[in-house]
Number of protein chains: 2
Amino acid sequence: MLDKIKQKKTKKAEATEELRVMQEELIDLANKAKAQKLPVIITIDGWSAAGKGSQISRLIKYLDPRFYDVEAIRSPNDQEKRKPWMHRFWQRLPKAGDMLILDGSWYRDTVNALMFGEIDKEEYKRRIRDINTFERQLTDDGALLIKLFLHITAEEQKARIDKLSSSEITRWRVSENDVINNRNYDKFFRRYDKTLERTNTDYAPWHVVPANDKLTARHDILTTVSTAIKGACEAKEKGERFKPAAQFDTIEVKPEEFKLVKTKKLSEIKMDKALDDEEYGRKLEKYQNRLFELQNLCYQRKIPVIIAYEGWDAGGKGGNIKRVASALDPRGCVVKPIAAPEPSELARHYLWRFWTRIENDGHFTIFDRTWYGRVMVEPIEGITPKERADMAYREINEFERQLTDWGAVIVKFWINIDKDEQYRRFKERENTPSKQWKITEEDWRNRGKWEQYEEAVDRMVELTSTDFAPWTIVEGNDKKYARVKALKTICKMIEQRLLADAE
Amino acid sequence: MLDKIKQKKTKKAEATEELRVMQEELIDLANKAKAQKLPVIITIDGWSAAGKGSQISRLIKYLDPRFYDVEAIRSPNDQEKRKPWMHRFWQRLPKAGDMLILDGSWYRDTVNALMFGEIDKEEYKRRIRDINTFERQLTDDGALLIKLFLHITAEEQKARIDKLSSSEITRWRVSENDVINNRNYDKFFRRYDKTLERTNTDYAPWHVVPANDKLTARHDILTTVSTAIKGACEAKEKGERFKPAAQFDTIEVKPEEFKLVKTKKLSEIKMDKALDDEEYGRKLEKYQNRLFELQNLCYQRKIPVIIAYEGWDAGGKGGNIKRVASALDPRGCVVKPIAAPEPSELARHYLWRFWTRIENDGHFTIFDRTWYGRVMVEPIEGITPKERADMAYREINEFERQLTDWGAVIVKFWINIDKDEQYRRFKERENTPSKQWKITEEDWRNRGKWEQYEEAVDRMVELTSTDFAPWTIVEGNDKKYARVKALKTICKMIEQRLLADAE
């Protein structure tokens, strides 16, 4: 793609007035995007010394600074390295109506990491896949993504670096990496080109900006950004999906294929499993001790463990989680209860609040209710349209695959009880003063939709039991049995992972 | 204080049943605290190898893990070092009804930093003052703070460290600092003792736990924690302030004294200041360029700049902020618009959402509306009782003093317009279709309370114009004049700071 770009020269006299008008237009468009609650993400990548910083300054010069955020992406710091690599980009996602402008992005991260030997080609390919997935998820969610690459020639780059280096005042702005970037121009050229090609999708196409001449670049950037925002606003007004204009032929990205494991329907589960007190006491101690040992190993090897709890109301999630958490060193484990989202969470992709809740590697994160609310309560209660919620099976598999790529062990529990047992527990709660707070009108209402929920659970278990993150249905009529089964399952899955690592 | 502690030995046979009962009681108490939305913070400090970790594990063993968080405080990482030192503790504050348990706390940070030469005695003293302030602010806000110090003798500590070191499995748990801690037991003893004494306040008294014998320590910790939670819940039920029991004589901390600069009332401000277009254009360019240069210097010297904007509705804050932000490299500047707090923010101290919004050193943080809402809109609209809001003058001065101690330049603007000018602007907004979104019923309602607000502003300016963070009243009837004055003021205050540093 890069070889098709022709550098141009724009005369100042001719452009000044035009640029002024365009800049004014951009202000109106930004206000429109704000009013329409369109999230806008602009990534600016390109060669060292291509002028990313100063182009960004010009671009946002007249915009309302309360509604945009400009961030420079550098190599990840030590904290960021302890999270999945995409975490820091998820974390930065703007609210609907806000604008995020990145000086360097996930592309910079990926290409530089490969070129400087921090990742190998396989990891590079995984990242390209992650990027395409990420960009599709964002645009599926209605975000506008504008990807700009500032392209300069080797000679122009050399001249700029030499000029900066020649003055004491500007010399600090030239890094060793910049010099390497220029000295290996051809190699970087090929890598940039391949990277651009492999991520030039119809939902997030590239725009390469000829940047030898700053005025030309500025004009090109303004045009591209304005056209895209205008188009996205118009599409949103009509309730249509925005189709961005593509500068080059786009590629089609095949959906990731996930190997699903065979699962049972809830109605096929035998619910008569139980443990007597003696066996319970013995096994509880055994697996709690084992889990504590395994936590130590996970901590030393920086393996993150993510445990997801879902289940029927009054299924016994709380007590089950307690038995797991109390086995662990609390300094390496956090339980995250998931309630209704806050306004700042509703204003972003629904996975955002889960991405940002993931603890560091080596730690346990236990979710009490999870991202699976998207395919259960949300469509059933009409919070999210069914078609939109249906997209989540794939999105969630992708999310969990990224977590396992990072190194995580994922354990997912559906704590199952039958309808009679739930009735007994609801009644017991109503009749026990100290437990009355645990039972609400809403619980009874949900119970009224038992069949709908059962169908949703079956479908969820079927479609998201991947080989890397399978569901475990826990027979929960007997709480003791359920607790031991959960503990045992967690131990087993961590052990399998340790064994696999040892091979 | 430490010399008064007698080590004891508890017999297991006698204690087992009692501990079981106490542990059960704690569960009930924790549920009560949850229901009453009491925020509970337990800090566990003490000697190396005193058993902090295992005591915490026992303490929380049967609590509901969804409502507590255990965190180990180690030396600050690189990211944390770029914030005020108290930032990482503020950031971790629990929601009302949740419990935060810290293994090591701001005390560990302070004593270790002094003993290992990372801070000098003057900084140590500042930190002691910050701690007393912090703890008073939290308890003033209704939080329960339980401070435990696990005390062991030099011989016991040596025996424990030797035992850990003697086995290959546990050797990694002994750090060099642990050995130093033991080798310099006497020195540490004196420093701990002094630190405890200087922070043994009536609102946050110390409890020193004799920890040579683990069972004794466990019993003591359980008793202390349960008694405190019980007392705090009872006091809260009665609507009274909780008075924690003190193990030792408490000290009285004198309120910090702030030097206030002389200020004018709004009615004394001459509102006829204006600039013509020519002068405006010239000065705008001059001060924008100057500010850009100064940003570079601040970035290099890691000086944080915090700019706070308050002002009348339609006063022109937005346009003013835009002129400041557009002068700056956007990668080093963020504008934070402050709207009504979200549920997670309402569930914490009101300063929490400002503490957590402070950018790294070297960066500019511009607040569009600020923590001063506490003393204006909150009491006037009845969101916060007047007596509670009145405490904020002191709290805010303390907050800003901590920011300047960190190295920040603080610039605070009240953008002033007169009542007639506001009327003109409201009407103009109503009559201009593109501006109608900017004017709401609420704006008119606020205008109806002009006199109340004016009084509140006068009081705020008078009581919070400290010599380190004075208010600047900006005559805003002429927007051009106001913009230049704001830019000029920011430049001047940064320059003064640079000059002071150079002395």
# chains A, B, ... in the order shown; residues from 1 in each chain; ligands from 1
>>> residues_around(residues="region 192-200 of chain B", least_positions_apart="4", cutoff="8 Å", atoms="only C-alpha atoms", output="ChimeraX atom specification")
/B:1-2,111,128,131-132,188,204-206,248-251
>>> write_last_selection(atoms="C-alpha atoms", output="short mmCIF file (atom, residue, chain, number, x, y, z; two decimals), in the first residue's frame")
data_model
loop_
_atom_site.label_atom_id
_atom_site.label_comp_id
_atom_site.auth_asym_id
_atom_site.auth_seq_id
_atom_site.Cartn_x
_atom_site.Cartn_y
_atom_site.Cartn_z
CA MET B 1 4.27 2.96 73.76
CA LEU B 2 5.90 -0.25 72.62
CA VAL B 111 9.09 4.51 58.34
CA ILE B 128 3.32 12.32 59.72
CA ILE B 131 -1.17 10.98 57.83
CA ASN B 132 -2.89 12.69 60.73
CA PHE B 188 13.59 0.55 64.34
CA ALA B 204 -7.54 7.01 64.98
CA PRO B 205 -5.79 5.50 68.00
CA TRP B 206 -3.25 2.71 67.72
CA PHE B 248 -2.65 4.59 75.19
CA ASP B 249 -2.98 8.29 75.90
CA THR B 250 -3.86 10.03 72.69
CA ILE B 251 -2.30 13.20 71.37
#
>>> residues_around(residues="Leu114 (chain B)", least_positions_apart="5", cutoff="12 Å", atoms="only C-alpha atoms", output="list in words")
Tyr107, Arg108, Asp109, Ile119, Asp120, Lys121, Glu122, Glu123, Tyr124, Lys125, Arg126, Arg127, Ile128, Lys187, Phe188, Arg191, Tyr192 and Thr195 of chain B
>>> closest_residue(among="A:Glu237, A:Glu14, A:Glu256, A:Glu430", to="His219 (chain A)", atoms="only C-alpha atoms")
A:Glu14
>>> closest_atom_pairs(of="region 25-129 of chain B", to="region 305-324 of chain A", cutoff="8 Å", atoms="only C-alpha atoms", output="Markdown table")
| residue | atom | partner | partner_atom | distance |
| --- | --- | --- | --- | --- |
| B:Tyr62 | CA | A:Lys322 | CA | 7.3 |
| B:Leu63 | CA | A:Lys322 | CA | 7.5 |
| B:Asp64 | CA | A:Lys322 | CA | 6.1 |
| B:Pro65 | CA | A:Lys322 | CA | 6.0 |
>>> write_last_selection(atoms="C-alpha atoms", output="mmCIF file, in the first residue's frame")
data_model
loop_
_atom_site.group_PDB
_atom_site.id
_atom_site.type_symbol
_atom_site.label_atom_id
_atom_site.label_comp_id
_atom_site.auth_asym_id
_atom_site.auth_seq_id
_atom_site.Cartn_x
_atom_site.Cartn_y
_atom_site.Cartn_z
ATOM 1 C CA TYR B 62 -15.146 -16.489 57.240
ATOM 2 C CA LEU B 63 -16.109 -13.053 55.968
ATOM 3 C CA ASP B 64 -17.969 -12.566 52.722
ATOM 4 C CA PRO B 65 -15.178 -12.039 50.177
#
>>> interface_residues(of="chain A", to="chain B", cutoff="9 Å", atoms="only C-alpha atoms", output="count of residues only")
45
>>> closest_residue(among="A:Asp213, A:Glu359, A:Asp130, A:Glu176", to="Lys12 (chain A)", atoms="only C-alpha atoms")
A:Asp213
>>> decode(residues="region 443-468 of chain B", atoms="N, CA and C atoms", output="tab-separated table (two decimals), in the first residue's frame")
chain	number	residue	atom	x	y	z
B	443	ASP	N	-30.24	26.46	34.74
B	443	ASP	CA	-29.46	27.69	34.72
B	443	ASP	C	-30.30	28.85	35.25
B	444	TRP	N	-31.55	28.90	34.84
B	444	TRP	CA	-32.43	29.98	35.33
B	444	TRP	C	-32.69	29.83	36.83
B	445	ARG	N	-32.86	28.60	37.27
B	445	ARG	CA	-33.08	28.36	38.70
B	445	ARG	C	-31.87	28.83	39.52
B	446	ASN	N	-30.67	28.43	39.04
B	446	ASN	CA	-29.46	28.88	39.74
B	446	ASN	C	-29.38	30.40	39.80
B	447	ARG	N	-29.74	31.02	38.68
B	447	ARG	CA	-29.71	32.48	38.61
B	447	ARG	C	-30.60	33.10	39.68
B	448	GLY	N	-31.70	32.42	39.97
B	448	GLY	CA	-32.61	32.90	41.01
B	448	GLY	C	-31.95	32.92	42.39
B	449	LYS	N	-30.87	32.14	42.53
B	449	LYS	CA	-30.18	32.12	43.83
B	449	LYS	C	-28.88	32.92	43.79
B	450	TRP	N	-28.81	33.89	42.89
B	450	TRP	CA	-27.58	34.64	42.68
B	450	TRP	C	-26.97	35.14	43.98
B	451	GLU	N	-27.79	35.72	44.87
B	451	GLU	CA	-27.24	36.31	46.10
B	451	GLU	C	-26.62	35.25	47.00
B	452	GLN	N	-27.32	34.09	47.08
B	452	GLN	CA	-26.78	33.00	47.89
B	452	GLN	C	-25.42	32.54	47.35
B	453	TYR	N	-25.36	32.41	46.03
B	453	TYR	CA	-24.09	31.98	45.42
B	453	TYR	C	-23.01	33.04	45.63
B	454	GLU	N	-23.39	34.29	45.48
B	454	GLU	CA	-22.38	35.33	45.63
B	454	GLU	C	-21.76	35.29	47.03
B	455	GLU	N	-22.63	35.09	48.01
B	455	GLU	CA	-22.16	34.99	49.39
B	455	GLU	C	-21.21	33.80	49.55
B	456	ALA	N	-21.60	32.66	48.95
B	456	ALA	CA	-20.78	31.46	49.06
B	456	ALA	C	-19.43	31.65	48.37
B	457	VAL	N	-19.45	32.33	47.23
B	457	VAL	CA	-18.19	32.57	46.52
B	457	VAL	C	-17.27	33.47	47.34
B	458	ASP	N	-17.84	34.54	47.88
B	458	ASP	CA	-17.04	35.44	48.70
B	458	ASP	C	-16.37	34.69	49.85
B	459	ARG	N	-17.15	33.83	50.49
B	459	ARG	CA	-16.63	33.09	51.64
B	459	ARG	C	-15.54	32.10	51.19
B	460	MET	N	-15.82	31.41	50.09
B	460	MET	CA	-14.86	30.46	49.55
B	460	MET	C	-13.54	31.14	49.21
B	461	VAL	N	-13.63	32.26	48.50
B	461	VAL	CA	-12.42	32.97	48.09
B	461	VAL	C	-11.65	33.44	49.32
B	462	GLU	N	-12.39	33.90	50.30
B	462	GLU	CA	-11.73	34.41	51.51
B	462	GLU	C	-11.02	33.29	52.26
B	463	LEU	N	-11.69	32.17	52.40
B	463	LEU	CA	-11.18	31.11	53.30
B	463	LEU	C	-10.22	30.13	52.63
B	464	THR	N	-10.14	30.15	51.32
B	464	THR	CA	-9.26	29.18	50.65
B	464	THR	C	-8.23	29.85	49.74
B	465	SER	N	-8.03	31.16	49.94
B	465	SER	CA	-6.94	31.82	49.20
B	465	SER	C	-5.67	31.74	50.02
B	466	THR	N	-5.07	30.55	50.03
B	466	THR	CA	-3.83	30.38	50.76
B	466	THR	C	-2.68	30.96	49.95
B	467	ASP	N	-1.55	31.16	50.63
B	467	ASP	CA	-0.43	31.72	49.88
B	467	ASP	C	0.11	30.74	48.83
B	468	PHE	N	-0.17	29.45	49.00
B	468	PHE	CA	0.32	28.48	48.01
B	468	PHE	C	-0.71	28.18	46.93
